[in-house]
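Participant: One structure, pasted below without further comment.
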Amino acid sequence: MDDEIASLEDLRFQSPLKIVEYPDPILRKRNKQIDTFDENLKKLVHEMFDVMYKTNGIGLAAPQVGVNVQLMVFNPAGKRGEGQETVLVNPRVYSYSKETVLFHEGCLSLPRIYADVERPESVKIDARDVNGSRFSVNLSRLPARVFQHEFDHLQGILFFDRTTDEFLETIRVQLEALEKKYEDKTGLPSPEKVEKKEAAAGFGKINH
């Protein structure tokens with residue numbers, strides 16, 4: 001099934017951007033494809049980098065700031081003016097390496113929670129840039145890791161979905177605290193509760 005195209009309304013956002021935290025349902029919603037490459041999109045990208053740097057992040061997906069579209073930004077250096085800023089619109093994975101690496105990950109939407117997550121060491125993708133031009137790129141090591149973490153966000157997957165039941169038990173109290181924080185803030189029941197589950201299968205959708 002083809003992904004739905006984002007409307008101008010879907011791409012609307014409020015400044016300053018704020019990080020959406022677990023268990024907000026925005027993080028699990030379907031993210032629409034972008035086909036409008038305009039000044040609004042450039043402003044959104046600029047502000048995503050801004051909030052990413054301010055929160056000491058190295059990658060950020062649009063749903064993490066409340067915009068359910070297929071857009072991510074990252075810079076493994078984590079500082080403006082250093083490293084390489086990457087913008088990926090409508091990214092698609094062509095192939096993953098057979099070699100996998102275990103790496104300690106964190107997430108701006110799950111503050112102060114960390115987990116060892118196994119992911120492919122390298123990945124080949126194609127995407128569009130902020131102007132709508134299509135390009136392909138091979139990523140490895142940390143850039144590949146950051147991409148895969150953010151690509152998961154675009155699929156509605158959070159990094160603890162890829163951990164074991166045993167590990168989930170070690171962060172249960174922190175996840176439950178975030179669930180309670182959401183309930184206190186919104187007056188609504190938490191849309192999800194941490195529970196035992198199988199680690200997410202596969203590594204996202206591969207489009208050949």
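Each chain of the structure tokens is named A, B, ... in the order shown, its residues numbered from 1; ligands are numbered from 1 in display order.
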Tell me, as a list in words, which residues lie within 12 Å of Thr100 in chain A, counting only C-alpha atoms; anything in the same chain fewer than 2 positions away does not count.

Facilitator: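 Selected residues are Tyr96, Ser97, Lys98, Leu102, Phe103, Val117, Glu118, Arg119, Pro120, Glu121, Ser122, Val123, Ser140, Arg141, Ala144, Arg145 and Phe203 of chain A.
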
Participant: Store the residues picked out above, limited to N, CA and C atoms, as a short mmCIF file (atom, residue, chain, number, x, y, z; two decimals), in the first residue's frame.

Facilitator:
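And here is the file that came out, part.cif:
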```cif
data_model
loop_
_atom_site.label_atom_id
_atom_site.label_comp_id
_atom_site.auth_asym_id
_atom_site.auth_seq_id
_atom_site.Cartn_x
_atom_site.Cartn_y
_atom_site.Cartn_z
N TYR A 96 20.42 -3.78 3.99
CA TYR A 96 21.14 -3.73 5.26
C TYR A 96 22.31 -4.69 5.20
N SER A 97 23.38 -4.38 5.92
CA SER A 97 24.51 -5.31 6.00
C SER A 97 24.12 -6.52 6.84
N LYS A 98 24.78 -7.64 6.58
CA LYS A 98 24.57 -8.83 7.42
C LYS A 98 25.21 -8.65 8.79
N LEU A 102 26.09 -4.12 18.41
CA LEU A 102 25.35 -3.75 19.62
C LEU A 102 25.85 -2.38 20.07
N PHE A 103 24.92 -1.48 20.37
CA PHE A 103 25.32 -0.10 20.67
C PHE A 103 24.36 0.46 21.72
N VAL A 117 21.07 -1.80 21.82
CA VAL A 117 20.23 -2.24 20.71
C VAL A 117 21.13 -2.77 19.59
N GLU A 118 20.78 -3.94 19.08
CA GLU A 118 21.55 -4.53 17.97
C GLU A 118 20.94 -4.10 16.65
N ARG A 119 21.80 -3.56 15.78
CA ARG A 119 21.33 -3.11 14.46
C ARG A 119 22.40 -3.45 13.41
N PRO A 120 21.99 -3.51 12.13
CA PRO A 120 22.97 -3.69 11.06
C PRO A 120 24.03 -2.59 11.09
N GLU A 121 25.26 -2.97 10.73
CA GLU A 121 26.39 -2.04 10.81
C GLU A 121 26.34 -0.98 9.72
N SER A 122 25.75 -1.35 8.55
CA SER A 122 25.64 -0.37 7.46
C SER A 122 24.31 -0.55 6.74
N VAL A 123 23.95 0.48 6.00
CA VAL A 123 22.65 0.50 5.35
C VAL A 123 22.73 1.34 4.08
N SER A 140 27.38 3.96 7.27
CA SER A 140 27.94 2.91 8.13
C SER A 140 28.31 3.52 9.47
N ARG A 141 28.61 2.65 10.41
CA ARG A 141 28.98 3.03 11.78
C ARG A 141 27.93 3.96 12.41
N ALA A 144 24.94 5.29 10.32
CA ALA A 144 23.98 4.22 10.04
C ALA A 144 23.10 3.94 11.25
N ARG A 145 23.72 3.97 12.43
CA ARG A 145 22.99 3.75 13.67
C ARG A 145 21.94 4.84 13.90
N PHE A 203 14.05 -4.98 10.38
CA PHE A 203 14.58 -3.63 10.56
C PHE A 203 13.86 -2.66 9.64
#
```

Participant: Could you build a table of the residues in range 104-138 of chain A lying no more than 12 Å from range 52-60 of chain A, giving for each the nearest pair of atoms and their separation in Å rounded to one decimal place, using only C-alpha atoms, ordered by chain and ascending residue number, as a tab-separated table?

Facilitator:
```
residue	atom	partner	partner_atom	distance
A:Glu105	CA	A:Ile58	CA	11.0
A:Gly106	CA	A:Gly57	CA	9.1
A:Cys107	CA	A:Gly57	CA	8.0
A:Leu108	CA	A:Gly57	CA	6.8
A:Ser109	CA	A:Leu60	CA	9.5
A:Leu110	CA	A:Gly57	CA	11.9
A:Pro111	CA	A:Thr55	CA	10.1
A:Arg112	CA	A:Thr55	CA	11.8
```

Participant: Kindly indicate which residue among A:Asn131, A:Ile125, A:Val87, A:His104 lies nearest to Thr163 in chain A, using only C-alpha atoms for the distances.

Facilitator: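 Among A:Asn131, A:Ile125, A:Val87, A:His104, it is A:His104 that comes nearest to Thr163 in chain A.
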
Participant: Write out as a ChimeraX atom specification all residues of range 23-169 of chain A that DSSP puts in strand (DSSP E) for this structure's backbone.

Facilitator: /A:59-61,71-74,86-96,100-107,110-120,122-128,134-140

Participant: Taking 4 positions as the minimum chain separation for residues in the same chain, which residues sit within 8 Å of Leu41 in chain A when counting only C-alpha atoms? Answer as a VMD selection string.

Facilitator: chain A and resid 11 36 to 37 45 130

Participant: I need the residues from that last selection saved to file as a PDB file, in the first residue's frame (with N, CA, C and O atoms), if you can.

Facilitator:
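See out.pdb below for the written result:
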```pdb
ATOM      1  N   LEU A  11       1.753  19.462   7.570  1.00  0.00           N
ATOM      2  CA  LEU A  11       3.100  20.027   7.703  1.00  0.00           C
ATOM      3  C   LEU A  11       3.137  21.301   8.550  1.00  0.00           C
ATOM      4  O   LEU A  11       4.184  21.906   8.725  1.00  0.00           O
ATOM      5  N   THR A  36       5.627  18.378  -0.892  1.00  0.00           N
ATOM      6  CA  THR A  36       5.657  19.845  -0.973  1.00  0.00           C
ATOM      7  C   THR A  36       6.996  20.326  -0.424  1.00  0.00           C
ATOM      8  O   THR A  36       7.257  20.230   0.778  1.00  0.00           O
ATOM      9  N   PHE A  37       7.859  20.801  -1.329  1.00  0.00           N
ATOM     10  CA  PHE A  37       9.203  21.231  -0.938  1.00  0.00           C
ATOM     11  C   PHE A  37       9.245  22.757  -1.020  1.00  0.00           C
ATOM     12  O   PHE A  37       9.543  23.326  -2.064  1.00  0.00           O
ATOM     13  N   VAL A  45      12.832  22.097   8.977  1.00  0.00           N
ATOM     14  CA  VAL A  45      14.144  21.446   9.080  1.00  0.00           C
ATOM     15  C   VAL A  45      15.075  22.272   9.961  1.00  0.00           C
ATOM     16  O   VAL A  45      15.749  21.739  10.855  1.00  0.00           O
ATOM     17  N   VAL A 130      16.012  18.502   1.036  1.00  0.00           N
ATOM     18  CA  VAL A 130      15.020  19.514   1.416  1.00  0.00           C
ATOM     19  C   VAL A 130      14.444  20.244   0.195  1.00  0.00           C
ATOM     20  O   VAL A 130      13.377  20.854   0.266  1.00  0.00           O
TER      21      VAL A 130
END
```

Participant: Kindly give the distance, in Å, that separates CA of Pro25 in chain A and CA of Ser7 in chain A, rounded to a single decimal.

Facilitator: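 Value for the CA of Pro25 in chain A-CA of Ser7 in chain A distance: 19.8 Å.
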
Participant: Which residues are close to Leu168 in chain A, i.e. within 12 Å by only C-alpha atoms, leaving aside same-chain residues fewer than 2 positions away? Reply as an mmCIF file with C-alpha atoms, in the first residue's frame.

Facilitator:
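Result file follows (result.cif):
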```
data_model
loop_
_atom_site.group_PDB
_atom_site.id
_atom_site.type_symbol
_atom_site.label_atom_id
_atom_site.label_comp_id
_atom_site.auth_asym_id
_atom_site.auth_seq_id
_atom_site.Cartn_x
_atom_site.Cartn_y
_atom_site.Cartn_z
ATOM 1 C CA ILE A 113 16.527 5.952 29.364
ATOM 2 C CA TYR A 114 19.237 3.978 27.570
ATOM 3 C CA ALA A 115 19.405 0.510 26.036
ATOM 4 C CA ASP A 116 21.815 -1.704 24.129
ATOM 5 C CA VAL A 117 20.228 -2.244 20.708
ATOM 6 C CA PHE A 159 14.004 1.738 20.538
ATOM 7 C CA PHE A 160 12.830 -0.256 23.543
ATOM 8 C CA ASP A 161 10.606 -2.237 21.128
ATOM 9 C CA ARG A 162 13.868 -3.824 19.936
ATOM 10 C CA THR A 163 15.006 -4.963 23.389
ATOM 11 C CA THR A 164 14.333 -8.180 25.281
ATOM 12 C CA ASP A 165 11.708 -8.770 27.969
ATOM 13 C CA GLU A 166 14.540 -9.067 30.477
ATOM 14 C CA THR A 170 15.146 -2.955 33.996
ATOM 15 C CA ILE A 171 13.528 0.219 32.567
ATOM 16 C CA ARG A 172 9.919 -0.563 33.519
ATOM 17 C CA VAL A 173 9.863 1.928 36.425
ATOM 18 C CA GLN A 174 11.148 4.754 34.181
ATOM 19 C CA LEU A 175 8.606 3.972 31.446
ATOM 20 C CA GLU A 176 5.782 3.826 33.990
ATOM 21 C CA LYS A 193 1.496 0.550 29.030
ATOM 22 C CA VAL A 194 4.865 -1.104 29.182
ATOM 23 C CA GLU A 195 4.355 -4.826 28.940
ATOM 24 C CA LYS A 196 6.260 -7.930 28.016
ATOM 25 C CA LYS A 197 6.598 -8.169 24.280
ATOM 26 C CA GLU A 198 8.736 -9.746 21.639
ATOM 27 C CA ALA A 199 11.454 -7.575 20.179
#
```

Participant: From a DSSP calculation on the backbone, collect every residue of range 95-192 of chain A in helix (DSSP H, G or I) and output the set as a short mmCIF file (atom, residue, chain, number, x, y, z; two decimals) with N, CA, C and O atoms, in the first residue's frame.

Facilitator:
```
data_model
loop_
_atom_site.label_atom_id
_atom_site.label_comp_id
_atom_site.auth_asym_id
_atom_site.auth_seq_id
_atom_site.Cartn_x
_atom_site.Cartn_y
_atom_site.Cartn_z
N ARG A 141 28.61 2.65 10.41
CA ARG A 141 28.98 3.03 11.78
C ARG A 141 27.93 3.96 12.41
O ARG A 141 26.75 3.69 12.29
N LEU A 142 28.36 5.06 13.06
CA LEU A 142 27.41 5.88 13.81
C LEU A 142 26.32 6.51 12.93
O LEU A 142 25.15 6.50 13.30
N PRO A 143 26.65 7.07 11.74
CA PRO A 143 25.56 7.61 10.90
C PRO A 143 24.50 6.55 10.57
O PRO A 143 23.30 6.86 10.53
N ALA A 144 24.94 5.29 10.32
CA ALA A 144 23.98 4.22 10.04
C ALA A 144 23.10 3.94 11.25
O ALA A 144 21.89 3.72 11.14
N ARG A 145 23.72 3.97 12.43
CA ARG A 145 22.99 3.75 13.67
C ARG A 145 21.94 4.84 13.90
O ARG A 145 20.79 4.55 14.20
N VAL A 146 22.35 6.10 13.73
CA VAL A 146 21.42 7.21 13.95
C VAL A 146 20.28 7.15 12.94
O VAL A 146 19.11 7.30 13.28
N PHE A 147 20.63 6.88 11.67
CA PHE A 147 19.59 6.77 10.65
C PHE A 147 18.56 5.71 11.04
O PHE A 147 17.35 5.94 10.96
N GLN A 148 19.03 4.52 11.44
CA GLN A 148 18.10 3.42 11.73
C GLN A 148 17.21 3.73 12.93
O GLN A 148 16.03 3.37 12.95
N HIS A 149 17.77 4.42 13.91
CA HIS A 149 16.97 4.83 15.08
C HIS A 149 15.85 5.79 14.63
O HIS A 149 14.69 5.62 15.01
N GLU A 150 16.21 6.78 13.80
CA GLU A 150 15.21 7.76 13.35
C GLU A 150 14.24 7.12 12.35
O GLU A 150 13.05 7.45 12.33
N PHE A 151 14.75 6.21 11.50
CA PHE A 151 13.87 5.52 10.55
C PHE A 151 12.82 4.70 11.31
O PHE A 151 11.65 4.63 10.89
N ASP A 152 13.21 4.10 12.42
CA ASP A 152 12.24 3.41 13.27
C ASP A 152 11.13 4.36 13.70
O ASP A 152 9.95 4.00 13.70
N HIS A 153 11.51 5.58 14.09
CA HIS A 153 10.49 6.56 14.49
C HIS A 153 9.47 6.78 13.37
O HIS A 153 8.28 6.94 13.62
N LEU A 154 9.95 6.79 12.12
CA LEU A 154 9.04 7.02 10.99
C LEU A 154 8.12 5.82 10.77
O LEU A 154 7.10 5.94 10.10
N PHE A 159 12.84 2.62 20.44
CA PHE A 159 14.00 1.74 20.54
C PHE A 159 13.83 0.63 21.57
O PHE A 159 14.40 -0.45 21.41
N PHE A 160 13.00 0.84 22.58
CA PHE A 160 12.83 -0.26 23.54
C PHE A 160 12.00 -1.40 22.95
O PHE A 160 11.99 -2.52 23.50
N ASP A 161 11.31 -1.15 21.82
CA ASP A 161 10.61 -2.24 21.13
C ASP A 161 11.59 -3.29 20.63
O ASP A 161 11.20 -4.42 20.34
N ARG A 162 12.85 -2.91 20.47
CA ARG A 162 13.87 -3.82 19.94
C ARG A 162 14.70 -4.48 21.04
O ARG A 162 15.75 -5.06 20.76
N ASP A 165 12.57 -8.88 26.78
CA ASP A 165 11.71 -8.77 27.97
C ASP A 165 12.54 -8.52 29.22
O ASP A 165 12.15 -7.74 30.09
N GLU A 166 13.69 -9.21 29.29
CA GLU A 166 14.54 -9.07 30.48
C GLU A 166 15.01 -7.62 30.62
O GLU A 166 14.99 -7.06 31.72
N PHE A 167 15.42 -7.03 29.49
CA PHE A 167 15.88 -5.64 29.57
C PHE A 167 14.73 -4.71 29.89
O PHE A 167 14.87 -3.76 30.66
N LEU A 168 13.56 -4.96 29.30
CA LEU A 168 12.40 -4.12 29.53
C LEU A 168 12.10 -4.00 31.02
O LEU A 168 11.70 -2.93 31.51
N GLU A 169 12.30 -5.09 31.75
CA GLU A 169 12.07 -5.07 33.19
C GLU A 169 12.98 -4.07 33.88
O GLU A 169 12.61 -3.47 34.89
N THR A 170 14.19 -3.86 33.35
CA THR A 170 15.15 -2.95 34.00
C THR A 170 14.77 -1.48 33.81
O THR A 170 15.25 -0.63 34.55
N ILE A 171 13.94 -1.18 32.79
CA ILE A 171 13.53 0.22 32.57
C ILE A 171 12.03 0.42 32.81
O ILE A 171 11.50 1.49 32.56
N ARG A 172 11.37 -0.63 33.31
CA ARG A 172 9.92 -0.56 33.52
C ARG A 172 9.52 0.64 34.38
O ARG A 172 8.58 1.38 34.06
N VAL A 173 10.22 0.85 35.50
CA VAL A 173 9.86 1.93 36.42
C VAL A 173 9.95 3.29 35.73
O VAL A 173 9.08 4.15 35.89
N GLN A 174 10.99 3.48 34.90
CA GLN A 174 11.15 4.75 34.18
C GLN A 174 10.04 4.94 33.15
O GLN A 174 9.52 6.05 32.98
N LEU A 175 9.68 3.88 32.44
CA LEU A 175 8.61 3.97 31.45
C LEU A 175 7.27 4.25 32.13
O LEU A 175 6.48 5.08 31.66
N GLU A 176 7.03 3.59 33.25
CA GLU A 176 5.78 3.83 33.99
C GLU A 176 5.72 5.26 34.52
O GLU A 176 4.64 5.86 34.57
N ALA A 177 6.87 5.82 34.89
CA ALA A 177 6.91 7.21 35.35
C ALA A 177 6.52 8.16 34.21
O ALA A 177 5.79 9.15 34.42
N LEU A 178 6.98 7.87 32.98
CA LEU A 178 6.61 8.69 31.81
C LEU A 178 5.12 8.54 31.51
O LEU A 178 4.46 9.51 31.13
N GLU A 179 4.58 7.32 31.68
CA GLU A 179 3.15 7.09 31.47
C GLU A 179 2.33 7.91 32.47
O GLU A 179 1.33 8.54 32.10
N LYS A 180 2.78 7.94 33.72
CA LYS A 180 2.06 8.70 34.75
C LYS A 180 2.16 10.20 34.47
O LYS A 180 1.19 10.95 34.63
N LYS A 181 3.34 10.65 34.03
CA LYS A 181 3.54 12.06 33.69
C LYS A 181 2.57 12.48 32.58
O LYS A 181 1.96 13.56 32.63
N TYR A 182 2.41 11.61 31.57
CA TYR A 182 1.47 11.88 30.47
C TYR A 182 0.04 11.97 31.01
O TYR A 182 -0.71 12.89 30.64
N GLU A 183 -0.35 11.05 31.88
CA GLU A 183 -1.71 11.04 32.43
C GLU A 183 -1.96 12.29 33.27
O GLU A 183 -3.03 12.91 33.17
N ASP A 184 -0.97 12.69 34.07
CA ASP A 184 -1.12 13.88 34.91
C ASP A 184 -1.23 15.15 34.06
O ASP A 184 -1.99 16.07 34.37
N LYS A 185 -0.48 15.18 32.96
CA LYS A 185 -0.44 16.37 32.10
C LYS A 185 -1.70 16.50 31.25
O LYS A 185 -2.21 17.60 31.05
N THR A 186 -2.21 15.36 30.75
CA THR A 186 -3.33 15.41 29.79
C THR A 186 -4.68 15.10 30.42
O THR A 186 -5.72 15.44 29.85
#
```

Participant: Name all residues at most 8 Å from Asp126 in chain A (count only C-alpha atoms; drop same-chain ones fewer than 6 positions away) and give them as a ChimeraX atom specification.

Facilitator: /A:91-94,134-137

Participant: When distances are computed from only C-alpha atoms, which of A:Arg128, A:Phe13, A:Pro191, A:Val89 shows the smallest separation from Leu44 in chain A?

Facilitator: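 Among the listed residues, the smallest separation from Leu44 in chain A belongs to A:Phe13.
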
Participant: Let me make sure I understand: among A:Gly156, A:Ser133, A:Val51, A:Gln14, which one has the smallest atom-to-atom distance to Asn31 in chain A if we use only C-alpha atoms?

Facilitator: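 The answer is A:Gly156, which sits nearest to Asn31 in chain A.
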
Participant: Determine the nearest neighbour of Lys32 in chain A from the options A:Glu9, A:Ser15, A:Val65, A:Gln70, counting only C-alpha atoms.

Facilitator: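 Among the listed residues, the smallest separation from Lys32 in chain A belongs to A:Gln70.
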
Participant: With only C-alpha atoms as the basis for distance, which of A:Glu4, A:Glu192, A:Asp129, A:Glu99 is at the shortest distance from Val73 in chain A?

Facilitator: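 Going through A:Glu4, A:Glu192, A:Asp129, A:Glu99 one by one, the smallest distance to Val73 in chain A is for A:Asp129.
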
Participant: Tell me, in Å to one decimal, how far CA of Ala6 in chain A is from CA of Gln84 in chain A.

Facilitator: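 Calculated distance between CA of Ala6 in chain A and CA of Gln84 in chain A is 27.3 Å.
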
Participant: Which value, in Å to one decimal, gives the distance between CA of Thr86 in chain A and CA of Leu71 in chain A?

Facilitator: 10.8 Å
